[in-house]
Each structure stands twice: as C-alpha cells, then as structure tokens.
>>> print(open('model-v5.cif').read())   # mmCIF, C-alpha atoms and all ligand atoms
data_structure
#
loop_
_atom_site.label_atom_id
_atom_site.label_comp_id
_atom_site.auth_asym_id
_atom_site.auth_seq_id
_atom_site.Cartn_x
_atom_site.Cartn_y
_atom_site.Cartn_z
CA MET V 15 0.00 0.00 0.00
CA SER V 16 1.24 3.41 -0.90
CA LEU V 17 2.00 6.04 1.71
CA ARG V 18 -0.42 8.39 -0.01
CA ARG V 19 -3.37 6.35 1.14
CA PHE V 20 -2.72 7.24 4.77
CA PRO V 21 -4.08 10.71 5.48
CA ARG V 22 -2.20 11.24 8.74
CA LEU V 23 1.36 10.70 7.74
CA ALA V 24 4.15 11.77 9.98
CA VAL V 25 7.67 11.00 8.96
CA ALA V 26 10.32 10.51 11.58
CA THR V 27 12.88 12.67 9.83
CA GLY V 28 13.86 15.54 12.06
CA LEU V 29 12.93 13.79 15.28
CA ALA V 30 16.56 13.73 16.33
CA VAL V 31 16.58 17.50 16.20
CA ALA V 32 13.42 17.71 18.25
CA VAL V 33 14.80 15.33 20.87
CA ALA V 34 18.17 17.04 21.04
CA GLY V 35 16.48 20.32 21.88
CA THR V 36 16.68 19.60 25.59
CA SER V 37 19.76 19.35 27.78
CA LEU V 38 18.24 16.37 29.57
CA VAL V 39 18.47 14.09 26.62
CA GLN V 40 21.43 12.85 24.73
CA VAL V 41 20.63 10.03 22.40
CA THR V 42 23.31 7.37 22.58
CA PHE V 43 24.00 5.25 19.57
CA ALA V 44 25.75 1.95 19.89
CA ASN V 45 28.56 1.03 17.57
CA ALA V 46 28.88 -2.39 15.97
CA SER V 47 30.55 -3.89 19.03
CA GLY V 48 27.53 -3.10 21.14
CA VAL V 49 29.35 -0.54 23.26
CA PRO V 50 27.71 2.89 23.48
CA ALA V 51 29.71 5.57 21.71
CA SER V 52 29.04 7.93 24.58
CA ALA V 53 27.27 7.70 27.91
CA PRO V 54 23.86 9.35 28.26
CA ALA V 55 24.05 12.77 29.87
CA VAL V 56 21.38 11.89 32.41
CA ALA V 57 22.89 10.66 35.66
CA ASP V 58 20.18 8.05 36.17
CA ALA V 59 20.90 6.51 32.82
CA VAL V 60 24.60 6.03 33.48
CA ALA V 61 23.93 3.20 35.88
CA HIS V 62 22.24 1.21 33.13
CA GLY V 63 24.61 -0.29 30.63
CA PRO V 64 23.53 -1.60 27.27
CA ASP V 65 23.21 -5.18 28.43
CA ASP V 66 22.03 -4.91 32.01
CA GLY V 67 18.76 -6.60 31.19
CA HIS V 68 16.59 -3.68 32.26
CA GLY V 69 15.62 -2.44 28.84
CA HIS V 70 16.72 -1.59 25.37
CA PHE V 71 17.77 2.03 25.27
CA GLY V 72 21.32 2.17 23.93
CA ALA V 73 21.57 -1.60 23.44
CA GLY V 74 23.76 -2.77 20.59
CA GLY V 75 22.63 -4.82 17.64
CA LYS V 76 24.37 -7.94 18.85
CA SER V 77 22.34 -8.17 22.05
CA LEU V 78 19.10 -7.75 20.09
CA ALA V 79 20.01 -10.09 17.24
CA GLY V 80 19.81 -13.54 18.85
CA ASP V 81 20.82 -16.15 16.28
CA TYR V 82 20.60 -13.65 13.42
CA TRP V 83 23.79 -11.73 14.22
CA ASN V 84 25.86 -13.91 11.94
CA ALA V 85 23.06 -15.30 9.81
CA LYS V 86 23.35 -15.27 6.05
CA SER V 87 20.74 -13.10 4.43
CA LYS V 88 19.42 -14.34 1.12
CA PRO V 89 17.12 -11.75 -0.38
CA GLU V 90 17.11 -13.59 -3.67
CA THR V 91 15.27 -16.50 -2.05
CA ARG V 92 12.47 -14.29 -0.76
CA ALA V 93 9.20 -16.10 -1.25
CA SER V 94 6.82 -14.65 -3.81
CA VAL V 95 4.06 -14.81 -1.21
CA ASP V 96 5.53 -13.62 2.08
CA ALA V 97 4.18 -15.32 5.19
CA TRP V 98 4.56 -12.09 7.16
CA PRO V 99 1.40 -9.90 7.31
CA ALA V 100 1.34 -6.98 4.90
CA ALA V 101 1.70 -3.45 6.25
CA ALA V 102 -1.79 -2.58 5.00
CA THR V 103 -3.29 -5.45 6.99
CA VAL V 104 -1.62 -4.28 10.16
CA VAL V 105 -2.69 -0.66 9.65
CA GLU V 106 -6.24 -1.80 8.99
CA ARG V 107 -6.32 -3.74 12.26
CA LEU V 108 -4.82 -0.81 14.19
CA ARG V 109 -7.50 1.48 12.85
CA ALA V 110 -10.18 -1.05 13.75
CA HIS V 111 -9.10 -0.50 17.37
CA GLY V 112 -9.15 3.26 17.07
CA ILE V 113 -5.40 3.61 16.68
CA GLU V 114 -4.22 5.97 13.95
CA PRO V 115 -0.59 4.94 13.57
CA ILE V 116 2.11 7.45 12.74
CA LEU V 117 3.99 5.89 9.85
CA THR V 118 7.72 6.33 10.23
CA GLU V 119 10.04 6.80 7.30
CA GLY V 120 10.91 3.45 5.71
CA TYR V 121 8.29 1.57 7.73
CA ASP V 122 7.86 -0.91 4.87
CA ASP V 123 11.29 -0.65 3.25
CA PRO V 124 12.64 -4.20 2.66
CA LYS V 125 16.22 -3.06 3.22
CA TYR V 126 15.86 -3.09 7.00
CA GLU V 127 14.66 -6.68 6.93
CA TYR V 128 17.63 -7.51 4.75
CA ASN V 129 19.93 -5.77 7.25
CA ALA V 130 18.34 -7.90 9.99
CA ARG V 131 19.39 -11.01 8.03
CA LEU V 132 15.80 -12.16 7.95
CA ALA V 133 14.81 -11.34 4.38
CA GLY V 134 13.41 -14.39 2.65
CA SER V 135 13.23 -16.40 5.84
CA GLY V 136 9.60 -17.30 5.17
CA THR V 137 8.80 -17.19 8.88
CA THR V 138 5.46 -16.02 10.20
CA PRO V 139 4.55 -14.29 13.47
CA LEU V 140 3.78 -16.76 16.24
CA ALA V 141 3.91 -14.33 19.16
CA VAL V 142 3.48 -10.66 20.05
CA MET V 143 5.99 -9.39 22.59
CA MET V 144 5.54 -6.44 24.97
CA HIS V 145 8.65 -4.42 25.86
CA ASP V 146 9.54 -1.28 27.70
CA THR V 147 12.36 0.87 26.40
CA GLY V 148 14.29 0.98 29.65
CA THR V 149 15.89 4.40 29.34
CA GLY V 150 16.93 4.63 32.98
CA VAL V 151 15.39 8.09 33.06
CA PRO V 152 12.60 8.69 35.62
CA ALA V 153 9.15 9.39 34.19
CA SER V 154 9.24 13.00 35.39
CA ARG V 155 12.15 13.69 33.05
CA LEU V 156 11.32 11.28 30.26
CA GLN V 157 10.68 12.93 26.90
CA ASN V 158 7.52 11.93 25.05
CA THR V 159 9.47 10.09 22.33
CA HIS V 160 12.72 9.63 24.26
CA SER V 161 13.80 6.36 22.59
CA LEU V 162 12.24 6.82 19.15
CA ASN V 163 15.38 7.96 17.41
CA TRP V 164 17.36 5.06 18.84
CA ILE V 165 14.64 2.60 17.79
CA LEU V 166 14.72 3.92 14.22
CA LYS V 167 18.44 4.44 13.74
CA GLY V 168 20.41 3.28 16.76
CA VAL V 169 20.60 -0.48 16.20
CA LYS V 170 23.10 -1.72 13.65
CA ASN V 171 24.20 -5.07 12.32
CA SER V 172 27.82 -6.23 12.21
CA ASP V 173 28.26 -4.38 8.91
CA GLY V 174 27.10 -1.12 10.47
CA LYS V 175 23.75 -1.16 8.64
CA VAL V 176 20.62 -0.01 10.45
CA VAL V 177 18.14 -2.60 11.71
CA ARG V 178 14.74 -1.65 13.10
CA ALA V 179 14.49 -2.32 16.85
CA CYS V 180 10.77 -3.11 17.05
CA HIS V 181 7.53 -2.97 15.04
CA PHE V 182 5.47 -0.57 17.13
CA TYR V 183 6.44 2.18 19.51
CA VAL V 184 4.13 3.80 22.08
CA ALA V 185 5.15 7.30 23.20
CA ARG V 186 4.45 8.66 26.69
CA ASP V 187 1.26 10.34 25.46
CA GLY V 188 -0.03 7.08 24.01
CA SER V 189 0.55 7.93 20.36
CA VAL V 190 1.51 4.90 18.30
CA TYR V 191 4.36 4.85 15.78
CA PHE V 192 4.41 2.12 13.16
CA ILE V 193 8.15 1.49 13.09
CA TYR V 194 8.39 -1.44 10.73
CA ALA V 195 6.09 -3.86 8.98
CA ARG V 196 8.63 -6.64 8.42
CA ARG V 197 11.08 -8.62 10.54
CA THR V 198 13.15 -6.78 13.13
CA TRP V 199 15.61 -7.32 15.96
CA HIS V 200 13.81 -6.76 19.25
CA ALA V 201 13.93 -10.02 21.17
CA GLY V 202 17.56 -11.20 21.18
CA ALA V 203 18.45 -14.53 22.76
CA GLY V 204 15.84 -16.43 24.75
CA ASP V 205 14.04 -19.66 25.43
CA SER V 206 12.31 -21.93 22.95
CA MET V 207 8.54 -21.58 23.04
CA PHE V 208 5.53 -22.23 20.79
CA GLY V 209 7.75 -24.51 18.71
CA ILE V 210 10.11 -21.63 17.90
CA PRO V 211 13.75 -22.65 18.35
CA ALA V 212 15.70 -20.86 21.09
CA ASN V 213 17.25 -17.49 20.17
CA LYS V 214 15.16 -17.16 16.99
CA MET V 215 12.19 -15.16 18.30
CA ASN V 216 13.06 -12.21 16.06
CA GLY V 217 12.01 -14.24 13.06
CA TYR V 218 8.66 -15.15 14.60
CA SER V 219 7.30 -12.24 16.57
CA TYR V 220 6.10 -8.67 16.68
CA GLY V 221 7.75 -6.38 19.21
CA ILE V 222 5.93 -3.49 20.89
CA GLU V 223 8.18 -0.97 22.65
CA ILE V 224 6.61 1.28 25.27
CA GLU V 225 8.50 4.36 26.44
CA SER V 226 9.50 3.83 30.07
CA GLN V 227 12.25 4.19 32.63
CA GLY V 228 12.41 0.41 32.78
CA ALA V 229 14.21 -1.57 35.49
CA SER V 230 10.88 -2.92 36.82
CA VAL V 231 9.54 0.60 37.52
CA GLN V 232 5.80 0.69 36.79
CA ASP V 233 5.66 4.15 35.30
CA LEU V 234 3.53 3.75 32.17
CA THR V 235 0.83 6.36 31.58
CA GLN V 236 -2.78 5.25 31.22
CA PRO V 237 -2.83 6.30 27.52
CA GLN V 238 0.25 4.11 26.99
CA ILE V 239 -1.33 1.08 28.65
CA ASP V 240 -4.57 1.53 26.70
CA ALA V 241 -2.79 2.02 23.39
CA ALA V 242 -0.26 -0.80 23.86
CA ALA V 243 -3.04 -3.29 24.63
CA LYS V 244 -4.82 -2.27 21.43
CA VAL V 245 -1.65 -2.49 19.36
CA ALA V 246 -1.14 -6.00 20.71
CA ALA V 247 -4.71 -6.83 19.72
CA ALA V 248 -4.10 -5.57 16.19
CA ALA V 249 -0.88 -7.57 15.87
CA LEU V 250 -2.53 -10.74 17.17
CA GLU V 251 -5.40 -10.29 14.71
CA ALA V 252 -3.13 -9.57 11.76
CA SER V 253 -1.38 -12.87 12.54
CA GLN V 254 -4.54 -14.71 13.63
CA LEU V 255 -3.06 -15.62 16.98
CA PRO V 256 -4.87 -16.37 20.27
CA ILE V 257 -4.41 -14.29 23.42
CA GLU V 258 -1.93 -16.79 24.89
CA ARG V 259 0.53 -15.75 22.19
CA GLN V 260 0.79 -12.32 23.77
CA ILE V 261 4.00 -12.50 25.79
CA ASP V 262 6.51 -10.10 27.25
CA HIS V 263 10.26 -9.90 27.01
CA LYS V 264 10.91 -11.26 30.49
CA LEU V 265 8.95 -14.42 29.74
CA TYR V 266 11.12 -15.13 26.70
CA ALA V 267 14.47 -13.71 27.80
CA GLY V 268 14.26 -13.49 31.61
CA ARG V 269 16.29 -16.66 32.06
CA VAL V 270 18.73 -16.13 29.19
CA GLN V 271 19.32 -12.37 29.30
CA GLY V 272 17.91 -11.37 32.68
CA LYS V 273 15.33 -9.22 30.94
CA VAL V 274 12.76 -7.68 33.28
CA ASP V 275 10.47 -5.91 30.81
CA THR V 276 7.72 -5.15 30.99
CA ALA V 277 7.48 -4.13 34.63
CA TYR V 278 3.87 -5.31 34.61
CA ASP V 279 2.42 -8.78 35.02
CA LEU V 280 1.83 -10.44 31.68
CA ASN V 281 -1.64 -11.35 32.93
CA MET V 282 -2.47 -7.65 33.06
CA TRP V 283 -1.62 -7.24 29.39
CA ARG V 284 -3.56 -10.34 28.37
CA SER V 285 -6.55 -9.27 30.42
CA LEU V 286 -6.56 -5.87 28.69
CA THR V 287 -5.93 -7.20 25.19
CA ALA V 288 -8.33 -10.14 25.24
CA PRO V 289 -11.58 -8.08 25.12
CA ALA V 290 -10.17 -6.14 22.19
CA ILE V 291 -9.93 -9.33 20.13
CA GLY V 292 -13.36 -10.48 21.23
CA THR V 293 -12.29 -13.07 23.74
CA THR V 294 -11.70 -13.32 27.45
CA TYR V 295 -8.63 -14.17 29.43
CA THR V 296 -8.81 -15.53 32.92
CA ALA V 297 -5.54 -15.11 34.72
CA PRO V 298 -4.37 -18.08 36.76
CA TYR V 299 -5.63 -17.82 40.35
CA VAL V 300 -3.21 -16.09 42.68
CA SER V 301 -3.85 -16.04 46.41
CA PRO V 302 -4.49 -12.45 47.56
CA ASN V 303 -2.52 -13.20 50.74
CA PRO V 304 0.85 -11.59 49.96
CA LYS V 305 2.61 -14.14 52.19
CA HIS V 306 1.40 -17.11 50.17
CA ILE V 307 3.84 -18.84 47.85
CA SER V 308 2.70 -21.71 45.65
CA MET V 309 5.25 -24.52 45.89
CA ALA V 310 4.10 -25.71 42.44
CA LYS V 311 5.73 -22.57 41.05
CA MET V 312 9.07 -23.13 42.76
CA LYS V 313 10.57 -24.72 39.68
CA TRP V 314 12.78 -23.97 36.72
CA ALA V 315 11.41 -21.37 34.26
CA ALA V 316 8.24 -20.77 36.28
CA SER V 317 7.07 -17.17 36.24
CA GLY V 318 4.51 -14.89 37.80
CA THR V 319 3.41 -13.45 41.12
CA TYR V 320 4.43 -16.38 43.33
CA VAL V 321 7.94 -16.43 41.92
CA LYS V 322 8.25 -12.70 42.44
CA ARG V 323 7.01 -12.97 46.04
CA TYR V 324 9.61 -15.63 46.68
CA GLN V 325 12.37 -13.58 45.09
CA VAL V 326 11.52 -10.45 47.07
CA ALA V 327 11.46 -12.34 50.38
CA LEU V 328 14.54 -14.37 49.48
CA ARG V 329 16.56 -11.26 48.60
CA LYS V 330 15.48 -9.43 51.75
CA TYR V 331 16.37 -12.36 53.99
CA ALA V 332 19.69 -13.03 52.25
CA LYS V 333 20.70 -9.39 52.22
CA ALA V 334 20.00 -9.02 55.94
CA ARG V 335 22.42 -11.87 56.55
CA GLY V 336 25.26 -10.39 54.57
CA ILE V 337 24.88 -12.51 51.44
CA ASN V 338 25.94 -10.57 48.34
CA ILE V 339 22.63 -10.60 46.49
CA LYS V 340 24.00 -8.45 43.66
CA LYS V 341 26.56 -11.11 42.93
CA TYR V 342 24.07 -13.97 42.70
CA ASN V 343 20.97 -12.09 41.54
CA PRO V 344 21.97 -8.89 39.71
CA SER V 345 18.66 -8.67 37.86
CA GLY V 346 16.58 -8.44 41.03
CA ALA V 347 13.09 -9.89 41.50
CA THR V 348 12.10 -10.52 37.90
CA GLY V 349 9.21 -12.91 38.49
CA PHE V 350 11.08 -15.55 36.49
CA TYR V 351 12.67 -18.59 38.15
CA GLY V 352 15.95 -18.80 36.30
CA SER V 353 19.62 -19.30 37.01
CA GLU V 354 19.93 -16.25 39.27
CA THR V 355 17.11 -17.31 41.58
CA ARG V 356 18.59 -20.78 41.68
CA ARG V 357 22.02 -19.43 42.57
CA LEU V 358 20.72 -17.20 45.34
CA THR V 359 18.58 -20.02 46.73
CA LYS V 360 21.60 -22.31 46.72
CA GLU V 361 23.71 -19.66 48.43
CA LEU V 362 21.14 -19.28 51.19
CA HIS V 363 20.98 -23.03 51.62
CA VAL V 364 24.74 -23.10 51.98
CA PHE V 365 24.61 -20.23 54.45
CA LEU V 366 21.97 -21.94 56.57
CA GLY V 367 23.85 -25.16 56.25
CA LYS V 368 26.41 -23.89 58.69
CA ARG V 369 23.88 -24.75 61.33
CA ALA V 370 21.38 -27.29 60.14
CA TRP V 371 21.21 -27.22 56.37
CA ARG V 372 19.36 -30.47 56.05
CA ASN V 373 16.31 -28.76 57.50
CA TYR V 374 16.14 -26.35 54.61
CA VAL V 375 17.01 -28.30 51.52
CA ALA V 376 14.25 -29.50 49.24
CA THR V 377 13.25 -33.05 49.98
CA ARG V 378 13.54 -35.96 47.60
CA LYS V 379 9.79 -35.84 47.16
CA SER V 380 10.10 -32.42 45.57
CA THR V 381 9.75 -32.37 41.81
CA LYS V 382 12.94 -30.31 41.60
CA PRO V 383 15.10 -31.39 44.49
CA GLY V 384 18.36 -29.67 45.15
CA LEU V 385 19.95 -26.64 46.69
CA GLY V 386 18.62 -24.36 43.96
CA TYR V 387 14.97 -24.72 44.97
CA PRO V 388 13.18 -24.09 48.26
CA ALA V 389 11.28 -26.63 50.33
CA ASN V 390 8.51 -25.64 52.74
CA LYS V 391 10.99 -25.00 55.52
CA LEU V 392 12.98 -22.47 53.56
CA ILE V 393 9.79 -20.65 52.59
CA LYS V 394 8.83 -20.41 56.26
CA LYS V 395 12.38 -19.41 57.17
CA ILE V 396 12.19 -16.33 54.95
CA GLY V 397 8.89 -15.32 56.49
CA MET V 398 6.47 -16.61 53.89
CA THR V 399 3.73 -19.25 53.87
CA PRO V 400 3.97 -22.25 51.55
CA ILE V 401 0.77 -23.36 49.82
CA ALA V 402 0.20 -26.10 47.27
ZN ZN A 1 12.44 -5.85 25.87
#
>>> encode(input="model-v5.cif", output="structure tokens")
Amino acid sequence: MSLRRFPRLAVATGLAVAVAGTSLVQVTFANASGVPASAPAVADAVAHGPDDGHGHFGAGGKSLAGDYWNAKSKPETRASVDAWPAAATVVERLRAHGIEPILTEGYDDPKYEYNARLAGSGTTPLAVMMHDTGTGVPASRLQNTHSLNWILKGVKNSDGKVVRACHFYVARDGSVYFIYARRTWHAGAGDSMFGIPANKMNGYSYGIEIESQGASVQDLTQPQIDAAAKVAAAALEASQLPIERQIDHKLYAGRVQGKVDTAYDLNMWRSLTAPAIGTTYTAPYVSPNPKHISMAKMKWAASGTYVKRYQVALRKYAKARGINIKKYNPSGATGFYGSETRRLTKELHVFLGKRAWRNYVATRKSTKPGLGYPANKLIKKIGMTPIA
C-alpha cells in the first residue's frame, strides 16, 4: 500500500533534532561492538549499561540479534508470497481498534529486513511481545518520544547497517508509531517456546516498545497502557493468533538475558488485550494473601506473582544476613525462576547449612530437588507461607 493512502502521515525525519532540543536528553548510539559511543548525559541513565537486562535504550545490535547476528541473508530467495502480514493489513487492524498509527520513514522498506538477516526467511509471526524501552530516566524527566530515534536508527548489524528495533512504539502520550512492517531485531536470545527454536524469536514475533524508565519501575501512563493493549490486539489479529501468544520480554528472555520488561504482570496485558480481540482471558488464580507462595511454582522457568514474592522475600532475607545478592541475583526480583534465583537459593541453603542445612534443603519428594529450589521450611524461614 502506498504512503499516499494514509491521510495522517508523519515522517520521523527531524525527530533527532526535536529530541536534542533539551539538555536532559542525549541520544546514545551503539557502535557495531555493542558498546555505546558515549554515555547518556542523564545521571540516572549512566547506571544502566547496554546489556544490564533492564531495557533496550542504547543496546547494541548484537544483544538484540539472537541467532541472526551472523546469519546469512538471502534476499534472492524471498518467497513470492511472504508469510509475514502486509503493512496494510496491520494498519487496517490498528485502525479497527481506534489507533491511527504514525507511519515512520521506511516503515515498509525491505532493506531493514535484509539488514536484519531475515529477508526471505519465510517465517510467520507466532507471538506478540511487549517491551519497555528501559531508558533509565525517571518518568518526570522522560521525553515523550525519548527512545524513538534510537529505535529507528540506533541499532546496527555487524556491517554497520541499520536494523529496526521493534515494530510498534508507544510514546508517553499514548501515540503509536508504526516502526516497521517486516522482521526486526527486538527479542535477542531467549528460550524456545511455541515450537520456535531458542534465540530465533526475532524471526517469529512482533515487538511493541513502550517508552519507560524500565528496570521494573511501573511508570507507564494510562494512555500508553490503553494504546499498547490495542496495538497488541491488532498484531494478534493480523497474525490470527490467540491471546496466549501475547507475551513479554521477560517471559522469553528473563532466564537467558535477565530481561525484566515489561514491569507489569503479563496477565495484566492479556486481560486488557483479550476483550479487544473479542475473547476473554482468565488469569491463573493467585492467592491475595501476599505471604502465600505456591510450591508448584518453585521450579525452573516458572514465572509470575508467586515467583516474584519468593524472590523479594529471598533477597530481603539473604541481604539481611550479609549474602551478596547483587553477585548472585543482579537482575533483582524478575518474576522468572531462572539461574539467578537458583544461585541465590543455593547460596542461602549453603549459608543456613552452617547450622542445620538439612532442614532447609528441598526433599527428595520435591519435583525439583536440590539446593537451587526451596522446600517448605525455607519458605517459612524467609517469612512466607507455603501453599500447594
Ligand atoms: Zn524488551
């Protein structure tokens, strides 16, 4: 579809100038090695490196590429009928949900898909992933389109060519930018799910970036939440996917990259998006008692509220006893039971073992016995209440 058919066309050219107009913001571009060329001017952003797992702002292409960093791109093999939804289809679905997308320059230009080494891959979307940009800048000082320039131009492949960093971008005021209609680099390395091989999510998913401080801070505006849920609905519809295919970055890459975005429970997003696609989503039951921890969730790759409750209590208890929680669990309470939670659990078991460690180690009856998982006694020890 031609650009002329969209009445409200805004082109991203000149955005860099608009963003640079304030002393608070200095857009940082990453070079090919993934190292930022210069540190952001904002003090809060300095603490967040490109690969600290809290977000995307300033991240290099390599960390976003997954298995496509060194992939061979074969544009000549591009299928005559592409399995990826057409830009016009996506725009139509966005409009059906009352979203008038701002079309960015090159939003359907095949060269960016070629640069992403995904041209001609023949893959089709199997998931829609929610992200937050993770600027490290508090909401009070966050510009409306703080990360937009980086999303459009800041991510490069190993040849220094620009790759789009997501498909949709939601500014602080809730306006929606259609960044790219084809395949992008937004997911990086992560777990296998929905039959998609590990580290290949970029070839099989839409990415929605929402402007945010990141680092698990729940700072999204209501217009952002409303718009992002509708964008997800449009992407699911364009790909004819059910609500369970709406995921977030931490579900896919929490274990592998320590990703914590979005800062919100995935069940919230699904609950908001489901009505928009004419279905309902019932979140798994979670006990309202904040002390309750389901032992069924104390296992590898489990995620959600119970895991987060455990992590928060575990970190507090371990920290109070002088255990270096930053060493074992640098990503904090992510709500994902991965290697960091296992390491910190093991460390606490070892610590307690100085006295009577056998009392605290998971029993042989546990589905995941070992020092890396808690048994009932450890849950009680850290001040929580184990439930089935
Ligand atoms: Zn993300």
>>> closest_residue(input="model-v5.cif", among="V:Ala203, V:Val176, V:Ala334, V:Ile116", to="ligand ZN 1 (chain A)", atoms="all atoms listed in the file")
V:Ala203
>>> atom_distance(input="model-v5.cif", atom1="atom CA of Ala248 of chain V", atom2="atom CA of Val104 of chain V")
6.6 Å
>>> atom_distance(input="model-v5.cif", atom1="atom CA of Leu117 of chain V", atom2="atom CA of Tyr194 of chain V")
8.6 Å
>>> closest_atom_pairs(input="model-v5.cif", of="chain V", to="ligand ZN 1 (chain A)", cutoff="10 Å", atoms="all atoms listed in the file", output="tab-separated table")
residue	atom	partner	partner_atom	distance
V:Gly67	CA	A:ZN1	ZN	8.3
V:His68	CA	A:ZN1	ZN	7.9
V:Gly69	CA	A:ZN1	ZN	5.5
V:His70	CA	A:ZN1	ZN	6.1
V:Phe71	CA	A:ZN1	ZN	9.5
V:Leu78	CA	A:ZN1	ZN	9.0
V:Met143	CA	A:ZN1	ZN	8.1
V:Met144	CA	A:ZN1	ZN	7.0
V:His145	CA	A:ZN1	ZN	4.1
V:Asp146	CA	A:ZN1	ZN	5.7
V:Thr147	CA	A:ZN1	ZN	6.7
V:Gly148	CA	A:ZN1	ZN	8.0
V:Ala179	CA	A:ZN1	ZN	9.9
V:Cys180	CA	A:ZN1	ZN	9.4
V:His200	CA	A:ZN1	ZN	6.8
V:Ala201	CA	A:ZN1	ZN	6.5
V:Gly202	CA	A:ZN1	ZN	8.8
V:Gly221	CA	A:ZN1	ZN	8.2
V:Ile222	CA	A:ZN1	ZN	8.5
V:Glu223	CA	A:ZN1	ZN	7.2
V:Ile224	CA	A:ZN1	ZN	9.2
V:Gly228	CA	A:ZN1	ZN	9.3
V:Asp262	CA	A:ZN1	ZN	7.4
V:His263	CA	A:ZN1	ZN	4.7
V:Lys264	CA	A:ZN1	ZN	7.3
V:Tyr266	CA	A:ZN1	ZN	9.4
V:Ala267	CA	A:ZN1	ZN	8.3
V:Gly268	CA	A:ZN1	ZN	9.7
V:Lys273	CA	A:ZN1	ZN	6.7
V:Val274	CA	A:ZN1	ZN	7.6
V:Asp275	CA	A:ZN1	ZN	5.3
V:Thr276	CA	A:ZN1	ZN	7.0
>>> closest_residue(input="model-v5.cif", among="V:Lys333, V:Lys244, V:Lys322, V:Lys170", to="Ser308 of chain V", atoms="all atoms listed in the file")
V:Lys322
>>> closest_residue(input="model-v5.cif", among="V:Tyr331, V:Asn84, V:Ala249, V:Gly349", to="Leu362 of chain V", atoms="all atoms listed in the file")
V:Tyr331
>>> residues_near_point(input="model-v5.cif", point="(15.4, -18.6, 38.2)", cutoff="10 Å", atoms="all atoms listed in the file", output="JSON, numbers by chain")
{"V": [268, 269, 270, 272, 312, 313, 314, 315, 316, 317, 321, 325, 343, 347, 348, 349, 350, 351, 352, 353, 354, 355, 356, 357, 358, 359, 386, 387]}
>>> atom_distance(input="model-v5.cif", atom1="atom CA of Lys330 of chain V", atom2="atom CA of Thr235 of chain V")
29.5 Å
>>> closest_residue(input="model-v5.cif", among="V:Gly120, V:Gly292, V:Pro237, V:Pro344", to="Val184 of chain V", atoms="all atoms listed in the file")
V:Pro237
>>> residues_around(input="model-v5.cif", residues="Arg178 of chain V", least_positions_apart="6", cutoff="8 Å", atoms="all atoms listed in the file", output="PyMOL selection string")
chain V and resi 126-127+130+165-167+169+193-194+198-199
>>> write_last_selection(input="model-v5.cif", atoms="C-alpha atoms", output="PDB file, keeping the file's coordinate frame")
ATOM      1  CA  TYR V 126      15.860  -3.090   7.000  1.00  0.00           C
ATOM      2  CA  GLU V 127      14.660  -6.680   6.930  1.00  0.00           C
ATOM      3  CA  ALA V 130      18.340  -7.900   9.990  1.00  0.00           C
ATOM      4  CA  ILE V 165      14.640   2.600  17.790  1.00  0.00           C
ATOM      5  CA  LEU V 166      14.720   3.920  14.220  1.00  0.00           C
ATOM      6  CA  LYS V 167      18.440   4.440  13.740  1.00  0.00           C
ATOM      7  CA  VAL V 169      20.600  -0.480  16.200  1.00  0.00           C
ATOM      8  CA  ILE V 193       8.150   1.490  13.090  1.00  0.00           C
ATOM      9  CA  TYR V 194       8.390  -1.440  10.730  1.00  0.00           C
ATOM     10  CA  THR V 198      13.150  -6.780  13.130  1.00  0.00           C
ATOM     11  CA  TRP V 199      15.610  -7.320  15.960  1.00  0.00           C
TER      12      TRP V 199
END
>>> closest_residue(input="model-v5.cif", among="V:Gly72, V:Gly318, V:Gly384, V:Pro302", to="Asn163 of chain V", atoms="all atoms listed in the file")
V:Gly72
>>> closest_residue(input="model-v5.cif", among="V:Leu280, V:Ile401, V:Ala327, V:Ile257", to="Tyr295 of chain V", atoms="only C-alpha atoms")
V:Ile257
